[in-house]
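Quick notes on the structure that follows.
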Amino acid sequence: MGFKEEIQSGNFVVTAEVGPPKGTDISEMKHHIKGLKGKVTALNVTDNQSAVMRICTLAVAKEIMDIGIEPIYQMTCRDRNRLGLQSDLLGAAIMGIKNVLALTGDHPVLGDHKDAKPVFDIESVQLLEVINGLNEGRDMAGLELQGATDLFAGAIVTPESNPLEPQFAKFEKKVSAGAKFFQTQAIYDMPKFMKFMERAKAHDVPILAGILLLKSAGMAKYLNKFVAGVSVPQELIDELTPFKGEDALKKGIEIAGRQIAELKEVCAGVHVMAIGAEDRVPDILAAAGL
Amino acid sequence: MASEATNVNSQSEAFETWMTDQPLKPPCTSACPVNADIQSFVSLVAQGRFKESLEAVRERCTLPGSLGRICHHPCEGECRRNDVEGAVNIRAIKRFASDVCADEPLTEAVPKTRGKKVAVIGGGVAGLTAAYDLAKDGFDVAIYEQNDACGGAIYTGVPKYRLPKDVVARDVAAIESLGVTIKINTAVGRDIAFDDLASGHDAVLIAIGLTVSRGIPIPGHDASGVLLALPFLKEANFNDSATIGKRVVVIGGGNVAFDVARSAKRLGAEEVSLCCLECEDEIPAFSWELVEAREEGISINPSWGPKEIKVEDGKVAGIAFKRCSRVFDEKGVFNPAYDENELLNIEADNVVFAIGQGADMNGFTGTSLEVDERGRIKWDALTLKTNLPNVFACGEVVTGPGAAVAAMRNAHHAATAIERFLTTGTVGPVVISEPVAIGRLPQYTIDAIVRKEKNHVPVIEPAERVTSFIEAEGGFDIDTAIYEAGRCMNCGRGAEIIPEKCAACLTCVRVCPFGAPYISAARVADFDWDSCQSCGICAAECPGMAINVGFNDDTLINERIDAAASGVTVFGCQLGKPDIFNPASKATQVPPGLNFVKMMCTSRLDMRHILRAIENGVDGVAVMACPDDKCRYRKDVNWAEVRANRVKRLLDEIGIGGDRVEFMGSFDSQEAAQQAMGEFKAKLAELGPNPLIKVMVK
Amino acid sequence: MIVAEPKSLDEIKAMVDAYDRVLMVGCGTCVEVCLTGGERAVNLTATALRLARKVDGRDIEVGEQTVIRQCDFEYLDEVRDADEYQAIVSLACGVGIQGIARKFPNTPVFPGVNTTFMGFNEEYGYYTEMCKGCGECILHLTGGVCPVARCAKSLLNGPCGGTNNGKCEIGGDKDCGWVLIYNKMEQLGTLDKFKEINQPKNYGKAGNIRSMDIRK
């Protein structure tokens, strides 16, 4: 079964993500991808994540498919206008990519090309509607396509956003715009997440909880300071503090596994983010008992 | 309008211009009978510019030393500082300006360019004032004075304990130095014929005052020991062996009566009683005379009219008074009513009549001057002219008795009339501008003004001062004078907008601590002078340079900046602690090579001022500002510091280096100030001279 | 109004490096209000330029004038004696600078300021961008808060995932425009509208060499 079918039949799905390199040497990237084969239902490809310029998603998605995993094509609205986005969606469709995650995208000032013009011709909600349109055989201008797409569109949500209300309203907009699944930003606050899931249940859309591997206490502190919508509780930082290097990583894996075990019951799956440690995703899943 | 510009000369036209071009005047100027530019001269004292202050006073208040002691200061009554903690002590500041410049060289004679001669008969307050105005206009003026010195009533009459005669002489000398010829001991009629004067001069001004004391022909009035006020006062002033009886009764309630009573006390009288028709509230003398007289042990008995002088052996033994139940009738006319049944008997050795003065017209009998049946000169109050084509009159001889400053006012008008007559040959009504005063301080402005308590002059204790004719009241020392003058709020000298440059950006509205700026219906900024304190914060921030601030304007400040092309220029507040770098304070020494540019408050300091100093070639600029709790003007923002920092950044960009500018704040002591300046100079020595110098030398 | 910020002295100095007689012209409208280009700024900048050149051992004559606006020919006519100068530095906004350039086509005209945004004068010396001139105002849909100017990404359906305690992910303590919009619409009681999806913007209205002609 493909990702869409798995998720729609209510099976617990596991996704992970791969961040492409900045350059043409994809040997390590392919190595990581290979390591995840059979371990994940689908694999996200990030799109110039954090506004850092890397290989484009389409090309990497192809590499993933060649290795035999189903990609989830992350598409941000930061770098392309509506022509470019639609064009790339058509391109994804003919390449056999089935899943699209519609994102707005991080602002260029956060990345390594700070002077770049932020495009944001449309954003995630409008993009979901566009995907709907393409699936129905028409483009944004209302013109008939010579062959429609059949893309399974998802979006993201940040359950730990503060304030939550505007974010939740946006979530609802995404659902009305046609998001068929959600992946969340990293979860740490379990009670908060449970409350969020209670509210989200009414919208009857599968939500994959985001699990972010903490590699060290330092990383946890960095996330708290610099990454929006992610707040690592002090208890976890304290848990990690005594450990260094490989030991800290092992601890992080243990923590991640614990989190997954806790969340399993309430969500449709998990999205494991192990940036720079993609090869350890299997360990996380093992720690979770999956 | 620079301060110098307010040095209006007595030419009526210039004065009229000043009176009319600013529609609202400070209340002090409005209340002053001569509309003196009080706020200017006070400010000049505050800046340590004493000589200029004195000349500014003299423009309208022609006898500054004297009036600084005797003027009844209606200005202080209207001073808006009354609403804060107390009026500015204007009279004391005026006195200070005269006293501190007592040894300064006199002004040079004014060239007599008009080719016309004016005779002034009478060298009293009015005559001297008119002579001063006319001499400044270039006329050839001669004063004919019957006494041995000029001054008139203030010379012969006002007692020495109030006005020392050397002060009168000082004021007279300043007028004489303009080139006025003074002929003393010359009485018209006795020594020179009036008609000769009238035909021998292009114009004549009669200003003989009221020199004849009046008596009342009650029984006993011709006994020995019955005296008249003016001759008595003259004796007391000039005869070192003058004496008086032990018990003296003075009849009268005016200032002259009090002068008599207090002089009698000083001559040794043990019991001095002053009796007058008026009830306590109606007594015409200045209120402080009553206070001081009572302090000196003089008993004041209101509501009594003289009935009869008791005579024994041809000499005064006592005097009986009858109750005066009313002085003025229903029509407000002088018409006393008495109750003969209520009597007051006082034993006395001397009775002095001080009930009024009349004019001595003897010198004019049989001349062509027309005098009415009561001996009053036929005089037009609007043109100030007599019946004769070139003869004018002014002062008490025609206006009736009044304060010295009122005589000055009339004399200024006479000088205007004579000037016009001699220039155009015409005579017409003298146009008198009555200035409109700005309004009271709004409460929000009163609340914003920093409190500075009023200073008072020292006064000798009553017990001590009655023992002689020593001057009872002292003056300010330099630091107190500067501090007191610094309390002036510069009313009516506020910020002015240049409307075509104003973009209504609201900057002035936002930075003013006093709520003065607002956007008018014309959609440009305007300033409510009821509130404006002339601090100049707005002017230095205005992006359109659309604001001028009274006398605190750029022209003046730039002149002071341009005084130096090297060394260190210090910008400081003129109202700061007087002894820190206050060149006017004799207590301090300003280090050499230091150009101290003072402004009313360094919130006025513009970035452009600092840059100008640098461009002139100075090596460094120090900026001082009073501490937060002392500054009179700024709120929340230390503008001097903000602007100094802006200039520092700019100088870094320019390549001259921001190190050459330092914000120093304030110092608690002269030593601290000297040390900081020393360190700054050492730093500048390390930086080397201003890098622009070598370019300029090229 | 239009907000502009001063260019650095180094930059202006470099622009006029080849000239010894330069006219600096200020503008008495927007740039005067934001304290950047009025008569005072002209005087300070001209003085600074003159001093900076002196430090280099060279002279420069800098004329100083300010006209009420530089975006109307009638006001540009008030610039005097431009032919006596080799170059003009204008402290007006980009519109005014081009106005001067059009008025004096044979004289090099240099910008003395960077025109930045259309903004609100929050208080003395502090201005915040409020309008991008997008040509298609939707303030009625967003509770009176503009998402084009006040969201860093100009999103029409926000907030994005980067919103952080009411602040924007770009940092600098900037408010998240969409949290502002949400709060405003909550205050107005129009949250039901918040959930309506705003359609993609017509960016044709935000550019394409715009003009407005109301002469008929």
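In the structure tokens, the first chain shown is A, the next is B, and so on; residue numbers restart at 1 for each chain, and ligands run from 1 in the order shown.
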Problem - Per-residue DSSP, stretch 179-261 of chain A, filtered to strand (DSSP E or B), as a ChimeraX atom specification - result: /A:181-186,207-212
Just N, CA and C atoms for this one: save the residues we selected as a compact mmCIF listing (two decimals), in the first residue's frame.
# COMPACT_ATOMS: atom_id res chain seq x y z
N PHE A 181 -3.82 15.46 5.00
CA PHE A 181 -3.07 14.94 6.14
C PHE A 181 -2.21 16.09 6.66
N PHE A 182 -1.77 15.94 7.90
CA PHE A 182 -0.92 16.96 8.53
C PHE A 182 0.29 16.32 9.16
N GLN A 183 1.39 17.01 9.08
CA GLN A 183 2.55 16.66 9.90
C GLN A 183 2.76 17.84 10.83
N THR A 184 3.06 17.53 12.10
CA THR A 184 3.22 18.65 13.03
C THR A 184 4.69 19.02 13.20
N GLN A 185 4.90 20.19 13.72
CA GLN A 185 6.23 20.62 14.16
C GLN A 185 6.55 19.81 15.40
N ALA A 186 7.78 19.85 15.83
CA ALA A 186 8.22 19.00 16.94
C ALA A 186 7.34 19.15 18.17
N ILE A 207 -3.33 13.19 11.45
CA ILE A 207 -2.25 14.06 11.90
C ILE A 207 -1.08 13.22 12.35
N LEU A 208 0.08 13.49 11.77
CA LEU A 208 1.29 12.78 12.16
C LEU A 208 2.08 13.68 13.12
N ALA A 209 2.36 13.13 14.30
CA ALA A 209 3.06 13.94 15.30
C ALA A 209 4.53 14.05 14.94
N GLY A 210 5.05 15.26 15.05
CA GLY A 210 6.45 15.48 14.72
C GLY A 210 7.34 15.16 15.90
N ILE A 211 8.32 14.29 15.68
CA ILE A 211 9.27 13.92 16.71
C ILE A 211 10.63 14.39 16.27
N LEU A 212 11.22 15.28 17.05
CA LEU A 212 12.52 15.83 16.67
C LEU A 212 13.58 15.23 17.58
Problem - Neighbour list for B:Ser299 as a PyMOL selection string, cut-off 12 Å, only C-alpha atoms, skip fewer than 6 positions in-chain - result: chain B and resi 247-250+258+261-262+265+270-276+290-293+346
Exercise for the section: With a distance cut-off of 9 Å and only C-alpha atoms, select the neighbouring residues of stretch 117-126 of chain C, excluding the residue or stretch itself and same-chain residues fewer than 2 positions from it, and output the selection as a PyMOL selection string. Expected result: (chain B and resi 506-507+510-511) or (chain C and resi 1-4+33-35+115+128-133)
Residues as selected, N, CA and C atoms, written as a PDB file, in the first residue's frame, can you do that?
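File produced: result_26.pdb:
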ATOM      1  N   LEU B 506       4.864  67.904  13.786  1.00  0.00           N
ATOM      2  CA  LEU B 506       4.530  67.619  15.181  1.00  0.00           C
ATOM      3  C   LEU B 506       5.745  67.443  16.092  1.00  0.00           C
ATOM      4  N   THR B 507       6.945  67.609  15.544  1.00  0.00           N
ATOM      5  CA  THR B 507       8.116  67.433  16.404  1.00  0.00           C
ATOM      6  C   THR B 507       8.098  68.413  17.568  1.00  0.00           C
ATOM      7  N   ARG B 510       5.730  67.527  20.235  1.00  0.00           N
ATOM      8  CA  ARG B 510       6.124  66.352  21.014  1.00  0.00           C
ATOM      9  C   ARG B 510       7.272  66.608  21.974  1.00  0.00           C
ATOM     10  N   VAL B 511       8.184  67.482  21.598  1.00  0.00           N
ATOM     11  CA  VAL B 511       9.364  67.628  22.459  1.00  0.00           C
ATOM     12  C   VAL B 511       9.208  68.707  23.530  1.00  0.00           C
TER      13      VAL B 511
ATOM     14  N   MET C   1       3.167  58.680   5.905  1.00  0.00           N
ATOM     15  CA  MET C   1       3.828  59.375   4.804  1.00  0.00           C
ATOM     16  C   MET C   1       5.008  58.566   4.326  1.00  0.00           C
ATOM     17  N   ILE C   2       5.674  59.112   3.301  1.00  0.00           N
ATOM     18  CA  ILE C   2       6.850  58.412   2.788  1.00  0.00           C
ATOM     19  C   ILE C   2       7.994  58.607   3.776  1.00  0.00           C
ATOM     20  N   VAL C   3       8.633  57.528   4.124  1.00  0.00           N
ATOM     21  CA  VAL C   3       9.758  57.590   5.048  1.00  0.00           C
ATOM     22  C   VAL C   3      11.035  57.309   4.286  1.00  0.00           C
ATOM     23  N   ALA C   4      12.048  58.070   4.596  1.00  0.00           N
ATOM     24  CA  ALA C   4      13.357  57.824   3.993  1.00  0.00           C
ATOM     25  C   ALA C   4      14.391  57.911   5.092  1.00  0.00           C
ATOM     26  N   VAL C  33       9.124  65.750   7.514  1.00  0.00           N
ATOM     27  CA  VAL C  33       8.349  65.221   8.629  1.00  0.00           C
ATOM     28  C   VAL C  33       9.059  64.047   9.303  1.00  0.00           C
ATOM     29  N   CYS C  34       9.745  63.215   8.507  1.00  0.00           N
ATOM     30  CA  CYS C  34      10.470  62.110   9.152  1.00  0.00           C
ATOM     31  C   CYS C  34      11.910  62.497   9.461  1.00  0.00           C
ATOM     32  N   LEU C  35      12.174  63.801   9.480  1.00  0.00           N
ATOM     33  CA  LEU C  35      13.416  64.372  10.007  1.00  0.00           C
ATOM     34  C   LEU C  35      14.657  64.009   9.200  1.00  0.00           C
ATOM     35  N   THR C 115      14.952  55.916   0.130  1.00  0.00           N
ATOM     36  CA  THR C 115      13.523  55.916   0.411  1.00  0.00           C
ATOM     37  C   THR C 115      13.138  54.515   0.845  1.00  0.00           C
ATOM     38  N   THR C 128       6.966  53.365  11.494  1.00  0.00           N
ATOM     39  CA  THR C 128       6.770  51.938  11.224  1.00  0.00           C
ATOM     40  C   THR C 128       6.064  51.780   9.887  1.00  0.00           C
ATOM     41  N   GLU C 129       6.505  50.784   9.122  1.00  0.00           N
ATOM     42  CA  GLU C 129       5.923  50.558   7.803  1.00  0.00           C
ATOM     43  C   GLU C 129       4.496  50.072   7.943  1.00  0.00           C
ATOM     44  N   MET C 130       3.613  50.691   7.185  1.00  0.00           N
ATOM     45  CA  MET C 130       2.205  50.322   7.293  1.00  0.00           C
ATOM     46  C   MET C 130       1.573  49.971   5.959  1.00  0.00           C
ATOM     47  N   CYS C 131       2.150  50.477   4.876  1.00  0.00           N
ATOM     48  CA  CYS C 131       1.502  50.274   3.588  1.00  0.00           C
ATOM     49  C   CYS C 131       2.534  50.019   2.505  1.00  0.00           C
ATOM     50  N   LYS C 132       2.221  49.051   1.641  1.00  0.00           N
ATOM     51  CA  LYS C 132       3.137  48.730   0.554  1.00  0.00           C
ATOM     52  C   LYS C 132       2.667  49.286  -0.778  1.00  0.00           C
ATOM     53  N   GLY C 133       1.568  49.961  -0.753  1.00  0.00           N
ATOM     54  CA  GLY C 133       1.068  50.490  -2.016  1.00  0.00           C
ATOM     55  C   GLY C 133       0.736  49.365  -2.981  1.00  0.00           C
TER      56      GLY C 133
END
Exercise for the section: Determine which residues of chain B sit within 6 Å of chain C, taking into account only C-alpha atoms, and present them as a list in words. Expected result: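 Here is what falls inside 6 Å: Ala503, Cys505, Pro543, Gly544, Met545, Ile654, Leu692 and Val695 of chain B.
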Exercise for the section: Would you please work out which residue, of A:Lys98, A:Lys170, A:Lys215, A:Lys192, is nearest to C:Ile197 when using only C-alpha atoms? Expected result: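 Closest to C:Ile197 of all the choices is A:Lys170.
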Exercise for the section: Pull out every residue of chain A sitting within 9 Å of chain C, counting only C-alpha atoms, and send them as JSON, numbers by chain. Expected result: {"A": [78, 103, 104, 105, 106, 107, 108, 109, 110, 118, 119, 120, 121, 122, 123, 124, 125, 126, 156, 157, 158, 161, 162, 163, 165, 166, 167, 169, 170, 172, 173, 174, 176, 177, 185, 226, 227, 228, 229]}
Let me see the file: selected residues, N, CA and C atoms, as a compact mmCIF listing (two decimals), in the first residue's frame.
# COMPACT_ATOMS: atom_id res chain seq x y z
N ARG A 78 8.22 30.10 -0.85
CA ARG A 78 9.16 31.19 -0.71
C ARG A 78 9.87 31.54 -2.00
N LEU A 103 3.67 24.12 2.07
CA LEU A 103 4.21 24.95 3.14
C LEU A 103 4.36 26.39 2.67
N THR A 104 4.36 27.29 3.60
CA THR A 104 4.65 28.69 3.24
C THR A 104 6.16 28.87 3.09
N GLY A 105 6.90 28.41 4.06
CA GLY A 105 8.35 28.46 3.95
C GLY A 105 8.98 29.52 4.83
N ASP A 106 10.21 29.21 5.26
CA ASP A 106 10.92 30.16 6.14
C ASP A 106 11.37 31.38 5.36
N HIS A 107 11.44 32.49 6.03
CA HIS A 107 11.82 33.75 5.40
C HIS A 107 13.31 33.74 5.02
N PRO A 108 13.67 34.27 3.87
CA PRO A 108 15.07 34.26 3.44
C PRO A 108 16.05 34.84 4.47
N VAL A 109 15.61 35.78 5.29
CA VAL A 109 16.58 36.35 6.22
C VAL A 109 17.10 35.34 7.22
N LEU A 110 16.40 34.22 7.35
CA LEU A 110 16.85 33.20 8.30
C LEU A 110 17.93 32.32 7.69
N PRO A 118 12.03 37.54 -1.19
CA PRO A 118 11.07 36.51 -0.78
C PRO A 118 9.89 36.52 -1.75
N VAL A 119 9.52 35.41 -2.35
CA VAL A 119 8.46 35.42 -3.35
C VAL A 119 7.10 35.42 -2.67
N PHE A 120 6.71 34.31 -2.08
CA PHE A 120 5.41 34.24 -1.38
C PHE A 120 4.30 34.83 -2.22
N ASP A 121 4.30 34.47 -3.50
CA ASP A 121 3.21 34.92 -4.37
C ASP A 121 1.89 34.37 -3.86
N ILE A 122 1.95 33.10 -3.43
CA ILE A 122 0.81 32.55 -2.68
C ILE A 122 1.37 31.89 -1.44
N GLU A 123 0.48 31.41 -0.57
CA GLU A 123 1.00 30.71 0.60
C GLU A 123 0.29 29.36 0.76
N SER A 124 0.56 28.71 1.86
CA SER A 124 0.17 27.31 2.01
C SER A 124 -1.31 27.06 1.78
N VAL A 125 -2.15 27.90 2.29
CA VAL A 125 -3.59 27.69 2.16
C VAL A 125 -3.99 27.78 0.69
N GLN A 126 -3.50 28.84 0.05
CA GLN A 126 -3.82 29.03 -1.36
C GLN A 126 -3.21 27.91 -2.21
N ILE A 156 1.21 21.44 7.28
CA ILE A 156 1.78 21.30 8.62
C ILE A 156 1.00 22.15 9.61
N VAL A 157 1.19 21.79 10.86
CA VAL A 157 0.56 22.57 11.94
C VAL A 157 1.53 22.56 13.12
N THR A 158 1.50 23.63 13.92
CA THR A 158 2.41 23.73 15.07
C THR A 158 1.56 23.75 16.33
N SER A 161 2.33 26.26 19.17
CA SER A 161 2.43 27.67 18.84
C SER A 161 1.78 28.52 19.92
N ASN A 162 2.37 29.64 20.18
CA ASN A 162 1.83 30.54 21.18
C ASN A 162 1.76 31.95 20.61
N PRO A 163 0.59 32.55 20.47
CA PRO A 163 -0.72 32.05 20.90
C PRO A 163 -1.23 30.96 19.95
N GLU A 165 -4.52 30.21 19.18
CA GLU A 165 -5.76 30.44 18.43
C GLU A 165 -5.58 30.81 16.96
N PRO A 166 -4.70 31.77 16.64
CA PRO A 166 -4.54 32.08 15.23
C PRO A 166 -4.03 30.88 14.43
N GLN A 167 -3.16 30.12 15.06
CA GLN A 167 -2.60 28.93 14.41
C GLN A 167 -3.71 27.90 14.17
N ALA A 169 -6.88 28.52 13.84
CA ALA A 169 -7.76 29.04 12.78
C ALA A 169 -7.13 28.75 11.43
N LYS A 170 -5.82 28.89 11.35
CA LYS A 170 -5.12 28.60 10.11
C LYS A 170 -5.23 27.13 9.75
N GLU A 172 -7.63 25.18 10.48
CA GLU A 172 -8.96 24.95 9.96
C GLU A 172 -9.09 25.41 8.52
N LYS A 173 -8.43 26.51 8.22
CA LYS A 173 -8.42 27.01 6.84
C LYS A 173 -7.77 25.99 5.92
N LYS A 174 -6.69 25.37 6.40
CA LYS A 174 -5.98 24.40 5.58
C LYS A 174 -6.87 23.19 5.32
N SER A 176 -10.15 23.25 5.21
CA SER A 176 -11.14 23.63 4.19
C SER A 176 -10.51 23.78 2.84
N ALA A 177 -9.24 24.10 2.81
CA ALA A 177 -8.59 24.26 1.51
C ALA A 177 -8.22 22.94 0.88
N GLN A 185 4.90 20.19 13.72
CA GLN A 185 6.23 20.62 14.16
C GLN A 185 6.55 19.81 15.40
N PHE A 226 16.10 29.62 19.17
CA PHE A 226 16.06 30.11 17.79
C PHE A 226 14.97 29.55 16.90
N VAL A 227 14.34 28.49 17.30
CA VAL A 227 13.37 27.88 16.40
C VAL A 227 11.97 28.12 16.93
N ALA A 228 11.16 28.78 16.10
CA ALA A 228 9.81 29.11 16.53
C ALA A 228 8.97 27.87 16.62
N GLY A 229 8.06 27.87 17.56
CA GLY A 229 7.11 26.77 17.66
C GLY A 229 7.68 25.51 18.24
Handout entry: Selection near B:Val457, 8 Å with only C-alpha atoms, sequence-local residues under 2 positions removed, as a list in words
Key =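 In the requested form, the answer reads Ala92, Asn455, Val459, Glu473, Gly474, Gly475 and Phe476 of chain B.
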Exercise for the section: Show which residues sit within 10 Å of B:Ala242, as a ChimeraX atom specification. Count only C-alpha atoms, and ignore same-chain residues fewer than 3 positions away. Expected result: /B:232,234-239,264,267-268
Requested write-out: C-alpha atoms of the selected residues, as an mmCIF file, in the first residue's frame:
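The resulting file, part.cif, is shown below:
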data_model
loop_
_atom_site.group_PDB
_atom_site.id
_atom_site.type_symbol
_atom_site.label_atom_id
_atom_site.label_comp_id
_atom_site.auth_asym_id
_atom_site.auth_seq_id
_atom_site.Cartn_x
_atom_site.Cartn_y
_atom_site.Cartn_z
ATOM 1 C CA PHE B 232 12.172 119.572 56.020
ATOM 2 C CA LYS B 234 15.895 118.906 52.126
ATOM 3 C CA GLU B 235 17.310 119.806 55.514
ATOM 4 C CA ALA B 236 17.355 116.178 56.594
ATOM 5 C CA ASN B 237 19.173 115.212 53.370
ATOM 6 C CA PHE B 238 21.809 117.923 53.248
ATOM 7 C CA ASN B 239 22.301 119.468 56.646
ATOM 8 C CA ALA B 264 12.199 112.596 61.725
ATOM 9 C CA LEU B 267 16.975 112.774 63.251
ATOM 10 C CA GLY B 268 16.302 111.667 66.799
#
Problem - Given only C-alpha atoms as the counted atoms, nearest of A:Leu214, A:Ala261, A:Ala155, A:Ile94 to A:Val175 - result: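 Between A:Leu214, A:Ala261, A:Ala155, A:Ile94, the residue approaching A:Val175 most closely is A:Ala155.
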Problem - Distance of atom CA of B:Glu176 from atom CA of B:Gly151, expressed in Å to one decimal place - result: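 Separation between atom CA of B:Gly151 and atom CA of B:Glu176: 12.2 Å.
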Handout entry: Contacts of stretch 57-60 of chain A at 9 Å (only C-alpha atoms; same-chain gap of 2+ positions) as a PyMOL selection string
Key = chain A and resi 20+45-48+54-55+62-65+71+73-75+88+91-92+95+97
B:Ala495: which residues within 9 Å, counting only C-alpha atoms, same-chain residues fewer than 3 positions away excluded, as a PDB file with N, CA and C atoms, in the first residue's frame?
ATOM      1  N   GLY B 492       6.433  86.222  26.654  1.00  0.00           N
ATOM      2  CA  GLY B 492       6.311  87.114  25.518  1.00  0.00           C
ATOM      3  C   GLY B 492       7.559  87.151  24.655  1.00  0.00           C
ATOM      4  N   ALA B 516       3.453  74.264  24.924  1.00  0.00           N
ATOM      5  CA  ALA B 516       3.287  75.520  24.186  1.00  0.00           C
ATOM      6  C   ALA B 516       2.953  75.366  22.696  1.00  0.00           C
ATOM      7  N   PRO B 517       3.577  74.401  21.983  1.00  0.00           N
ATOM      8  CA  PRO B 517       3.289  74.333  20.552  1.00  0.00           C
ATOM      9  C   PRO B 517       1.966  73.633  20.269  1.00  0.00           C
ATOM     10  N   ASP B 526       2.184  76.628  15.750  1.00  0.00           N
ATOM     11  CA  ASP B 526       2.185  77.950  16.366  1.00  0.00           C
ATOM     12  C   ASP B 526       2.441  77.730  17.852  1.00  0.00           C
ATOM     13  N   PHE B 527       2.742  78.808  18.549  1.00  0.00           N
ATOM     14  CA  PHE B 527       3.165  78.653  19.938  1.00  0.00           C
ATOM     15  C   PHE B 527       2.313  79.510  20.858  1.00  0.00           C
ATOM     16  N   ASP B 528       1.835  78.876  21.889  1.00  0.00           N
ATOM     17  CA  ASP B 528       1.042  79.599  22.875  1.00  0.00           C
ATOM     18  C   ASP B 528       2.013  80.282  23.823  1.00  0.00           C
ATOM     19  N   TRP B 529       2.158  81.583  23.679  1.00  0.00           N
ATOM     20  CA  TRP B 529       3.128  82.287  24.499  1.00  0.00           C
ATOM     21  C   TRP B 529       2.752  82.330  25.969  1.00  0.00           C
ATOM     22  N   CYS B 532       4.934  79.218  26.598  1.00  0.00           N
ATOM     23  CA  CYS B 532       6.299  79.059  26.116  1.00  0.00           C
ATOM     24  C   CYS B 532       7.310  79.644  27.080  1.00  0.00           C
ATOM     25  N   GLN B 533       8.359  78.865  27.374  1.00  0.00           N
ATOM     26  CA  GLN B 533       9.411  79.307  28.280  1.00  0.00           C
ATOM     27  C   GLN B 533      10.673  79.705  27.528  1.00  0.00           C
ATOM     28  N   SER B 534      10.591  79.726  26.201  1.00  0.00           N
ATOM     29  CA  SER B 534      11.722  80.136  25.355  1.00  0.00           C
ATOM     30  C   SER B 534      12.959  79.275  25.539  1.00  0.00           C
ATOM     31  N   CYS B 535      12.786  78.032  25.913  1.00  0.00           N
ATOM     32  CA  CYS B 535      13.969  77.202  26.143  1.00  0.00           C
ATOM     33  C   CYS B 535      14.660  76.814  24.846  1.00  0.00           C
ATOM     34  N   GLY B 536      13.917  76.753  23.749  1.00  0.00           N
ATOM     35  CA  GLY B 536      14.548  76.491  22.461  1.00  0.00           C
ATOM     36  C   GLY B 536      14.736  75.037  22.098  1.00  0.00           C
ATOM     37  N   CYS B 538      12.587  73.058  20.911  1.00  0.00           N
ATOM     38  CA  CYS B 538      11.903  72.865  19.635  1.00  0.00           C
ATOM     39  C   CYS B 538      12.725  73.401  18.475  1.00  0.00           C
ATOM     40  N   ALA B 539      13.323  74.568  18.686  1.00  0.00           N
ATOM     41  CA  ALA B 539      14.054  75.197  17.584  1.00  0.00           C
ATOM     42  C   ALA B 539      15.221  74.333  17.136  1.00  0.00           C
ATOM     43  N   ILE B 547      11.682  77.535  13.328  1.00  0.00           N
ATOM     44  CA  ILE B 547      11.379  78.154  14.616  1.00  0.00           C
ATOM     45  C   ILE B 547      12.503  79.081  15.046  1.00  0.00           C
ATOM     46  N   ASN B 548      12.118  80.306  15.396  1.00  0.00           N
ATOM     47  CA  ASN B 548      13.064  81.220  16.040  1.00  0.00           C
ATOM     48  C   ASN B 548      12.638  81.366  17.481  1.00  0.00           C
ATOM     49  N   VAL B 549      13.611  81.508  18.357  1.00  0.00           N
ATOM     50  CA  VAL B 549      13.241  81.682  19.753  1.00  0.00           C
ATOM     51  C   VAL B 549      13.769  83.004  20.252  1.00  0.00           C
ATOM     52  N   GLY B 550      12.882  83.956  20.315  1.00  0.00           N
ATOM     53  CA  GLY B 550      13.150  85.255  20.897  1.00  0.00           C
ATOM     54  C   GLY B 550      14.591  85.700  20.807  1.00  0.00           C
TER      55      GLY B 550
END
